[in-house]
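The data block below is entry-v3.txt; it holds compact mmCIF, C-alpha atoms.
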```
# COMPACT_ATOMS: atom_id res chain seq x y z
CA MET A 1 -239.76 -34.52 20.59
CA SER A 2 -242.15 -31.97 22.09
CA THR A 3 -245.57 -31.22 20.67
CA LYS A 4 -244.50 -27.62 20.06
CA ASP A 5 -241.70 -28.82 17.76
CA TRP A 6 -244.20 -30.76 15.64
CA LEU A 7 -246.13 -27.56 15.07
CA GLU A 8 -243.26 -25.15 14.52
CA LYS A 9 -240.82 -27.19 12.42
CA ASP A 10 -241.47 -27.69 8.71
CA PHE A 11 -239.99 -31.15 8.14
CA TYR A 12 -240.92 -31.12 4.44
CA LYS A 13 -238.83 -27.98 3.94
CA VAL A 14 -235.91 -29.56 5.80
CA LEU A 15 -235.98 -32.54 3.41
CA GLY A 16 -236.53 -30.33 0.35
CA VAL A 17 -239.79 -31.98 -0.74
CA SER A 18 -243.39 -30.85 -1.10
CA LYS A 19 -246.13 -31.71 1.37
CA THR A 20 -247.72 -33.99 -1.23
CA ALA A 21 -244.51 -35.92 -1.98
CA GLU A 22 -244.68 -39.71 -2.14
CA GLN A 23 -242.86 -41.81 0.46
CA ASP A 24 -240.31 -42.97 -2.13
CA GLU A 25 -239.48 -39.36 -3.00
CA ILE A 26 -239.07 -38.49 0.67
CA LYS A 27 -236.77 -41.48 1.22
CA LYS A 28 -234.68 -40.61 -1.84
CA SER A 29 -234.25 -37.01 -0.71
CA TYR A 30 -233.33 -38.10 2.81
CA ARG A 31 -230.62 -40.48 1.60
CA LYS A 32 -229.12 -37.79 -0.60
CA LEU A 33 -228.98 -35.27 2.25
CA ALA A 34 -227.73 -37.86 4.74
CA ARG A 35 -224.79 -38.71 2.47
CA LYS A 36 -224.04 -35.02 1.98
CA TYR A 37 -223.99 -34.12 5.68
CA HIS A 38 -222.81 -37.44 7.16
CA PRO A 39 -220.06 -37.00 9.83
CA ASP A 40 -217.79 -39.37 7.85
CA SER A 41 -217.73 -36.86 5.02
CA ASN A 42 -217.54 -33.75 7.21
CA ALA A 43 -215.14 -34.60 10.02
CA GLY A 44 -215.01 -31.79 12.58
CA ASP A 45 -217.72 -29.72 10.84
CA ALA A 46 -220.21 -28.85 13.60
CA SER A 47 -222.68 -27.18 11.22
CA ALA A 48 -222.78 -30.25 8.96
CA GLU A 49 -223.35 -32.47 12.00
CA ALA A 50 -226.23 -30.26 13.15
CA LYS A 51 -227.74 -30.37 9.66
CA PHE A 52 -227.37 -34.15 9.58
CA LYS A 53 -229.29 -34.43 12.87
CA GLU A 54 -231.98 -32.05 11.61
CA VAL A 55 -232.45 -34.14 8.45
CA SER A 56 -232.59 -37.37 10.47
CA GLU A 57 -235.15 -35.82 12.83
CA ALA A 58 -237.36 -34.75 9.92
CA TYR A 59 -237.19 -38.17 8.26
CA ASP A 60 -238.05 -39.94 11.52
CA VAL A 61 -241.41 -38.13 11.38
CA VAL A 62 -242.48 -37.76 7.74
CA GLY A 63 -240.66 -40.93 6.67
CA ASP A 64 -243.07 -42.92 8.83
CA ALA A 65 -246.58 -43.06 7.36
CA LYS A 66 -248.36 -43.07 10.72
CA LYS A 67 -246.29 -40.23 12.22
CA ARG A 68 -246.59 -38.26 8.99
CA LYS A 69 -250.38 -38.47 9.14
CA GLU A 70 -250.41 -37.24 12.75
CA TYR A 71 -247.93 -34.48 11.88
CA ASP A 72 -250.01 -33.28 8.92
CA GLU A 73 -253.16 -33.30 11.04
CA ALA A 74 -251.50 -31.30 13.82
CA ARG A 75 -250.18 -28.75 11.32
CA ARG A 76 -253.62 -28.45 9.76
CA LEU A 77 -255.31 -27.81 13.12
CA PHE A 78 -252.70 -25.51 14.62
CA GLY A 79 -250.84 -24.28 11.54
CA SER A 80 -247.45 -22.67 12.30
CA GLY A 81 -248.25 -21.60 15.83
CA GLY A 82 -251.48 -19.71 15.03
CA PHE A 83 -254.63 -21.33 16.49
CA ARG A 84 -257.92 -20.50 14.79
CA MET A 85 -261.33 -21.30 16.21
CA PRO A 86 -263.97 -22.26 13.65
CA GLY A 87 -266.64 -19.65 13.14
CA SER A 88 -264.80 -16.96 15.10
CA GLY A 89 -265.35 -14.27 12.44
CA GLY A 90 -267.91 -11.75 13.75
CA ALA A 91 -266.35 -8.93 15.69
CA GLN A 92 -263.09 -8.99 13.75
CA GLY A 93 -264.64 -8.90 10.33
CA GLY A 94 -264.48 -12.64 9.75
CA GLN A 95 -260.83 -12.92 10.72
CA GLY A 96 -259.78 -15.69 13.07
CA PHE A 97 -257.83 -14.77 16.17
CA GLY A 98 -254.27 -16.03 16.51
CA PHE A 99 -251.97 -16.42 19.45
CA ASP A 100 -248.71 -18.16 20.27
CA VAL A 101 -249.10 -21.91 20.43
CA GLY A 102 -246.32 -21.89 23.02
CA ASP A 103 -248.84 -20.35 25.46
CA LEU A 104 -250.99 -23.46 25.14
CA PHE A 105 -248.13 -25.69 26.28
CA ASN A 106 -246.40 -23.43 28.82
CA ARG A 107 -249.44 -22.21 30.77
CA GLY A 108 -251.35 -25.41 31.18
CA GLY A 109 -251.68 -25.11 34.93
CA GLN A 110 -253.17 -21.61 34.68
CA ALA A 111 -256.18 -22.54 32.60
CA SER A 112 -259.55 -22.54 34.25
CA GLY A 113 -260.31 -25.83 35.87
CA GLY A 114 -256.60 -26.47 36.67
CA GLY A 115 -256.08 -28.82 33.73
CA GLY A 116 -252.68 -29.87 32.40
CA GLY A 117 -252.93 -27.72 29.25
CA LEU A 118 -253.15 -28.70 25.61
CA GLY A 119 -249.80 -30.48 25.89
CA ASP A 120 -251.47 -33.08 28.12
CA ILE A 121 -254.49 -33.39 25.85
CA LEU A 122 -252.36 -34.03 22.76
CA GLY A 123 -249.73 -36.06 24.58
CA GLY A 124 -251.15 -39.35 23.33
CA MET A 125 -251.13 -38.17 19.72
CA PHE A 126 -247.46 -37.14 19.75
CA GLY A 127 -246.06 -39.76 22.09
CA GLY A 128 -245.74 -37.36 25.03
CA GLY A 129 -248.13 -36.87 27.88
CA GLY A 130 -247.55 -37.32 31.60
CA ARG A 131 -245.47 -34.93 33.64
CA THR A 132 -242.02 -35.51 32.09
CA THR A 133 -240.56 -32.80 29.88
CA THR A 134 -237.43 -33.02 27.74
CA THR A 135 -235.17 -30.13 26.80
CA THR A 136 -235.21 -29.17 23.13
CA SER A 137 -232.02 -28.11 21.40
CA THR A 138 -229.30 -29.43 19.18
CA ALA A 139 -226.78 -31.88 20.61
CA ARG A 140 -224.35 -30.05 22.83
CA PRO A 141 -220.57 -30.43 22.63
CA ARG A 142 -219.17 -32.71 25.30
CA ARG A 143 -215.91 -32.02 27.14
CA GLY A 144 -213.30 -34.77 27.08
CA ALA A 145 -212.48 -36.76 30.19
CA ASP A 146 -209.65 -35.82 32.54
CA ILE A 147 -206.66 -38.18 32.70
CA GLU A 148 -204.63 -39.06 35.79
CA THR A 149 -201.02 -40.27 35.60
CA GLU A 150 -197.83 -40.38 37.69
CA ALA A 151 -194.19 -39.43 37.12
CA THR A 152 -191.15 -40.28 39.25
CA ILE A 153 -188.17 -37.93 38.92
CA GLU A 154 -184.76 -37.45 40.54
CA PHE A 155 -184.17 -34.94 43.34
CA ALA A 156 -182.06 -32.64 41.15
CA GLU A 157 -184.71 -32.74 38.39
CA ALA A 158 -187.35 -31.57 40.87
CA VAL A 159 -185.13 -28.67 41.95
CA ASN A 160 -184.16 -27.51 38.45
CA GLY A 161 -187.15 -28.68 36.37
CA VAL A 162 -187.20 -31.42 33.73
CA THR A 163 -189.09 -32.57 30.63
CA VAL A 164 -190.27 -36.18 30.90
CA ALA A 165 -191.82 -38.52 28.33
CA LEU A 166 -195.13 -40.01 29.45
CA ARG A 167 -196.86 -42.79 27.57
CA MET A 168 -200.57 -42.07 27.76
CA THR A 169 -203.59 -44.26 27.12
CA SER A 170 -206.69 -42.14 26.63
CA ASP A 171 -210.19 -42.10 25.20
CA GLU A 172 -210.70 -40.72 21.67
CA PRO A 173 -213.23 -40.97 18.80
CA CYS A 174 -213.34 -44.48 17.33
CA LYS A 175 -211.23 -44.56 14.15
CA THR A 176 -213.50 -47.10 12.45
CA CYS A 177 -216.76 -45.14 12.68
CA ARG A 178 -215.16 -41.72 13.31
CA GLY A 179 -217.06 -41.31 16.52
CA THR A 180 -220.59 -41.94 15.20
CA GLY A 181 -220.93 -45.36 16.81
CA ALA A 182 -222.65 -46.71 13.68
CA LYS A 183 -221.49 -49.56 11.46
CA TYR A 184 -219.70 -48.46 8.28
CA GLY A 185 -222.27 -47.59 5.59
CA THR A 186 -225.02 -46.80 8.10
CA VAL A 187 -225.89 -43.59 9.91
CA PRO A 188 -226.92 -42.90 13.50
CA LYS A 189 -230.27 -41.33 14.28
CA VAL A 190 -231.11 -38.48 16.58
CA CYS A 191 -232.34 -39.83 19.89
CA LEU A 192 -236.09 -39.11 19.99
CA LYS A 193 -236.22 -39.24 23.76
CA CYS A 194 -233.80 -36.36 24.36
CA GLU A 195 -233.99 -34.84 20.84
CA GLY A 196 -230.23 -35.04 20.45
CA THR A 197 -229.30 -33.10 23.60
CA GLY A 198 -228.02 -36.13 25.47
CA MET A 199 -229.88 -34.91 28.57
CA GLN A 200 -233.40 -35.36 29.88
CA THR A 201 -235.24 -33.26 32.44
CA SER A 202 -238.04 -34.73 34.48
CA VAL A 203 -240.39 -32.92 36.86
CA GLN A 204 -241.32 -34.93 39.92
CA GLY A 205 -244.22 -34.03 42.13
CA GLY A 206 -244.80 -30.88 40.11
CA VAL A 207 -242.04 -29.10 42.06
CA PHE A 208 -238.54 -30.49 41.55
CA ALA A 209 -236.83 -30.69 38.16
CA MET A 210 -233.95 -33.11 37.71
CA THR A 211 -231.62 -33.14 34.68
CA GLU A 212 -229.59 -36.27 33.97
CA PRO A 213 -228.03 -38.12 31.00
CA CYS A 214 -230.60 -39.58 28.66
CA THR A 215 -231.29 -43.23 29.50
CA GLU A 216 -231.93 -44.10 25.85
CA CYS A 217 -228.71 -42.81 24.25
CA LYS A 218 -226.54 -42.73 27.41
CA GLY A 219 -225.88 -39.02 26.97
CA ARG A 220 -224.61 -39.15 23.33
CA GLY A 221 -227.69 -37.65 21.68
CA LEU A 222 -227.55 -40.31 18.95
CA VAL A 223 -228.76 -43.90 18.69
CA VAL A 224 -227.65 -46.55 16.22
CA ASP A 225 -229.52 -49.51 14.79
CA GLN A 226 -226.35 -51.30 13.63
CA PRO A 227 -223.47 -50.56 16.06
CA CYS A 228 -219.85 -50.27 14.96
CA GLU A 229 -218.06 -53.60 15.38
CA THR A 230 -214.99 -51.91 16.82
CA CYS A 231 -216.47 -49.68 19.52
CA HIS A 232 -219.82 -51.55 19.84
CA GLY A 233 -221.79 -48.34 19.36
CA SER A 234 -220.04 -46.17 21.95
CA GLY A 235 -218.26 -44.06 19.34
CA ARG A 236 -215.12 -44.07 21.50
CA GLY A 237 -211.83 -45.95 21.28
CA GLN A 238 -208.50 -46.24 23.06
CA SER A 239 -205.32 -44.54 21.89
CA SER A 240 -201.74 -44.72 23.14
CA LYS A 241 -199.27 -41.93 22.58
CA THR A 242 -196.08 -40.55 24.08
CA MET A 243 -196.33 -37.00 25.39
CA GLN A 244 -193.49 -34.69 26.41
CA VAL A 245 -194.47 -33.05 29.70
CA ARG A 246 -192.54 -30.23 31.35
CA ILE A 247 -192.22 -30.60 35.13
CA PRO A 248 -191.57 -27.09 36.51
CA ALA A 249 -188.57 -26.29 38.70
CA GLY A 250 -189.26 -26.41 42.43
CA VAL A 251 -191.95 -29.11 42.26
CA GLN A 252 -192.52 -30.88 45.57
CA ASP A 253 -192.88 -34.60 46.23
CA GLY A 254 -196.56 -35.55 45.95
CA GLN A 255 -197.51 -32.36 44.11
CA ARG A 256 -200.27 -32.65 41.50
CA ILE A 257 -199.72 -30.71 38.27
CA ARG A 258 -202.59 -29.78 35.95
CA LEU A 259 -201.96 -29.52 32.20
CA LYS A 260 -205.03 -27.89 30.65
CA GLY A 261 -206.36 -29.41 27.43
CA LYS A 262 -203.96 -32.39 27.46
CA GLY A 263 -206.57 -34.96 28.47
CA ALA A 264 -209.00 -37.01 26.37
CA ALA A 265 -210.47 -35.42 23.21
CA GLY A 266 -213.96 -33.93 23.40
CA GLU A 267 -217.04 -34.96 21.41
CA ARG A 268 -218.98 -32.89 18.88
CA GLY A 269 -216.42 -30.09 18.94
CA GLY A 270 -216.17 -29.99 22.73
CA PRO A 271 -212.88 -29.09 24.44
CA ALA A 272 -210.36 -31.71 25.51
CA GLY A 273 -210.10 -32.67 29.17
CA ASP A 274 -207.13 -31.95 31.41
CA LEU A 275 -204.11 -34.06 32.30
CA TYR A 276 -203.20 -34.37 35.98
CA VAL A 277 -199.67 -35.57 36.80
CA SER A 278 -198.84 -36.68 40.36
CA VAL A 279 -195.11 -36.18 40.84
CA HIS A 280 -192.99 -38.44 43.04
CA VAL A 281 -189.48 -37.17 43.88
CA LYS A 282 -186.74 -39.62 44.81
CA PRO A 283 -184.86 -38.68 48.00
CA HIS A 284 -181.26 -37.45 47.68
CA ARG A 285 -178.37 -39.15 49.43
CA ILE A 286 -177.27 -36.02 51.36
CA PHE A 287 -179.52 -33.08 50.46
CA GLY A 288 -182.96 -32.31 51.78
CA ARG A 289 -185.55 -29.61 51.07
CA GLN A 290 -187.22 -26.94 53.11
CA GLY A 291 -189.55 -25.02 50.81
CA GLU A 292 -187.38 -23.10 48.35
CA HIS A 293 -184.21 -23.89 50.28
CA LEU A 294 -181.96 -26.96 50.25
CA THR A 295 -180.65 -28.42 53.50
CA LEU A 296 -177.38 -30.21 54.30
CA ALA A 297 -175.97 -31.65 57.53
CA VAL A 298 -172.24 -30.85 57.76
CA PRO A 299 -170.04 -32.81 60.19
CA VAL A 300 -167.14 -30.83 61.76
CA SER A 301 -164.53 -31.93 64.28
CA PHE A 302 -164.39 -30.79 67.90
CA THR A 303 -161.31 -28.71 67.23
CA GLU A 304 -162.80 -27.10 64.07
CA ALA A 305 -165.84 -26.06 66.01
CA ALA A 306 -163.75 -24.75 68.91
CA LEU A 307 -161.01 -22.99 66.98
CA GLY A 308 -162.93 -22.10 63.79
CA ALA A 309 -162.04 -23.26 60.28
CA GLU A 310 -162.66 -22.87 56.59
CA ILE A 311 -164.21 -25.99 55.06
CA LYS A 312 -165.55 -27.00 51.65
CA VAL A 313 -169.15 -28.23 51.27
CA PRO A 314 -170.83 -29.68 48.18
CA THR A 315 -173.71 -28.07 46.30
CA LEU A 316 -176.39 -29.67 44.16
CA ASP A 317 -174.86 -28.35 40.93
CA GLY A 318 -171.61 -30.20 41.74
CA LEU A 319 -169.36 -27.20 42.43
CA PRO A 320 -168.19 -27.04 46.07
CA VAL A 321 -168.17 -23.78 48.02
CA THR A 322 -165.92 -22.67 50.90
CA VAL A 323 -167.66 -21.91 54.19
CA ARG A 324 -166.17 -20.21 57.24
CA ILE A 325 -166.92 -21.95 60.56
CA PRO A 326 -166.70 -19.34 63.33
CA ALA A 327 -164.67 -20.24 66.42
CA GLY A 328 -166.83 -21.60 69.21
CA THR A 329 -169.55 -22.90 66.89
CA ALA A 330 -171.99 -25.08 68.84
CA ASN A 331 -173.47 -28.34 67.70
CA GLY A 332 -176.70 -27.74 65.72
CA SER A 333 -175.75 -24.22 64.61
CA LYS A 334 -177.16 -23.03 61.27
CA LEU A 335 -175.19 -21.43 58.46
CA ARG A 336 -176.55 -20.09 55.16
CA VAL A 337 -175.03 -20.20 51.66
CA ARG A 338 -177.07 -17.81 49.52
CA GLY A 339 -178.26 -18.68 46.01
CA LYS A 340 -177.49 -22.40 46.18
CA GLY A 341 -181.03 -23.63 46.82
CA SER A 342 -184.07 -24.56 44.71
CA VAL A 343 -185.26 -22.49 41.75
CA ARG A 344 -188.15 -20.13 42.52
CA ARG A 345 -190.99 -19.27 40.11
CA ASP A 346 -189.33 -15.96 39.21
CA GLY A 347 -186.12 -17.76 38.23
CA SER A 348 -184.13 -16.78 41.32
CA LYS A 349 -182.81 -19.38 43.74
CA GLY A 350 -183.27 -20.09 47.41
CA ASP A 351 -180.41 -20.78 49.81
CA LEU A 352 -178.42 -23.78 51.02
CA LEU A 353 -179.00 -24.16 54.78
CA LEU A 354 -176.18 -25.93 56.66
CA THR A 355 -176.65 -27.63 60.01
CA ILE A 356 -173.37 -28.08 61.92
CA GLU A 357 -172.91 -31.47 63.55
CA VAL A 358 -169.92 -31.46 65.94
CA GLN A 359 -168.29 -34.87 65.99
CA VAL A 360 -166.95 -36.11 69.34
CA PRO A 361 -164.22 -38.76 69.00
CA HIS A 362 -165.18 -42.19 70.32
CA GLU A 363 -161.61 -43.28 71.02
CA LEU A 364 -158.55 -41.28 72.18
CA THR A 365 -154.86 -42.08 72.23
CA ASP A 366 -152.96 -41.62 75.46
CA GLU A 367 -151.44 -38.45 74.10
CA GLN A 368 -154.81 -37.03 73.05
CA ARG A 369 -156.30 -37.86 76.44
CA MET A 370 -153.42 -36.13 78.25
CA LYS A 371 -153.76 -33.00 76.07
CA LEU A 372 -157.50 -32.80 76.71
CA GLN A 373 -156.97 -33.15 80.44
CA GLU A 374 -154.47 -30.31 80.28
CA PHE A 375 -157.01 -28.24 78.34
CA ASN A 376 -159.69 -29.00 80.90
CA THR A 377 -157.40 -27.94 83.75
CA ALA A 378 -156.31 -24.80 81.94
CA SER A 379 -159.83 -23.70 80.98
CA ALA A 380 -161.02 -23.58 84.62
CA GLN A 381 -164.63 -23.59 83.45
CA PRO A 382 -167.38 -23.14 86.03
CA ASP A 383 -169.76 -25.99 86.73
CA LEU A 384 -172.01 -26.04 83.64
CA ARG A 385 -174.72 -27.96 85.49
CA ALA A 386 -174.93 -25.83 88.55
CA GLY A 387 -178.22 -24.32 87.45
CA LEU A 388 -179.87 -27.72 87.40
CA PHE A 389 -179.78 -28.15 91.17
CA GLY A 390 -181.30 -24.93 92.41
CA SER A 391 -184.37 -24.77 94.65
CA SER A 392 -187.67 -25.39 92.93
```
Write-out of the structure in structure tokens:
Amino acid sequence: MSTKDWLEKDFYKVLGVSKTAEQDEIKKSYRKLARKYHPDSNAGDASAEAKFKEVSEAYDVVGDAKKRKEYDEARRLFGSGGFRMPGSGGAQGGQGFGFDVGDLFNRGGQASGGGGGLGDILGGMFGGGGRTTTTTSTARPRRGADIETEATIEFAEAVNGVTVALRMTSDEPCKTCRGTGAKYGTVPKVCLKCEGTGMQTSVQGGVFAMTEPCTECKGRGLVVDQPCETCHGSGRGQSSKTMQVRIPAGVQDGQRIRLKGKGAAGERGGPAGDLYVSVHVKPHRIFGRQGEHLTLAVPVSFTEAALGAEIKVPTLDGLPVTVRIPAGTANGSKLRVRGKGSVRRDGSKGDLLLTIEVQVPHELTDEQRMKLQEFNTASAQPDLRAGLFGSS
């Protein structure tokens, strides 16, 4: 806790007691307020949680006799941010002169003589000192962790989209202590090192400032004297649940899908993390993919390619379509069947791309051989390889 906080915060008012209250009265008031604002009784109420931390912070000071004495002395000397020099009446008609106490702590290096400011002088009294400063604010909400998982789907499911059930194991607030980390019947305290922010900022060499999770509370902003037996003080637990996840149409093998807000729950009202699903698509027996289009190798006979033919080819939805093979179609030729491909984002479909594979017979009957020889004689084709032997 910074020295400035000791001077500006009225801890007696926070606890609802007078400045002359006995220690027993202070303790009784604290317990009453702690029960009223405890997270167990106000699940999900951020304002109650902030009030609970404020009450705990006040009791940590005035509930301790030694700290209370130092606090009262500091308030007496520098009451509520106005600093008054003894005997400074004179020119102002006996009135003291006041100024913002914050100037004393924020301008230390500018004072004559280059001293560290009043914050360094009083550091020993308030447990501060040195060159390390800690941010001062209420505990911030913490975003939940992201979760990674995998899903394996069929080829047709990737093309058309599918909803899959994923069993997830994620981090969530401990059900025993409801995320406080404290044993049932006890309450956590605001971390004095980071003042409940979960972060600490240190200045090294007077130039560089580094912010990192508090080493005392491990970034939670709270510390517990008696940790929860279930989560051992972490405030977190494991949960398993089955989630229905929609894999969009047209997803590719190896694609990573982000589902916002479907990860681990946040802390102190923070948002949930994200769920990342890595999709693995099983290969199809005959179909392939080329972006938004499907591909299919179609075998045709030598005579079908030469004379032309109408053939039936399968589609992914199971209904065959008739395709016209033009006469003289060469091996490797491409044909297109429109609207029989993968689903696009706008709901339309790509095409089915056919690659013609002309099949040459491995064995011929005597009659087939004779007919082909007659065809070869009748065609009188020029030498197809003549161009290979020209001069270089």
Tell me, in Å to one decimal, how far CA of Lys193 in chain A is from CA of Arg220 in chain A.
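Calculated distance between CA of Lys193 in chain A and CA of Arg220 in chain A is 11.6 Å.
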Expressed in Å, the length from CA of Gly144 in chain A to CA of Pro271 in chain A is 6.3 Å
Interatomic distance (Å, one decimal) between CA of Val323 in chain A and CA of Ser348 in chain A
21.5 Å
Selected residue, from A:Gln226, A:Ser333, A:Gln373, A:Thr169, that lies nearest to Gly263 in chain A when counting only C-alpha atoms:
A:Thr169
Counting only C-alpha atoms, the option among A:Phe287, A:Gly16, A:Val281, A:Thr215 closest to Val313 in chain A:
A:Phe287
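Ranking A:Lys262, A:Lys218, A:Lys241, A:His232 by their shortest atom-to-atom distance to Met168 in chain A, with only C-alpha atoms included, puts A:Lys241 first.
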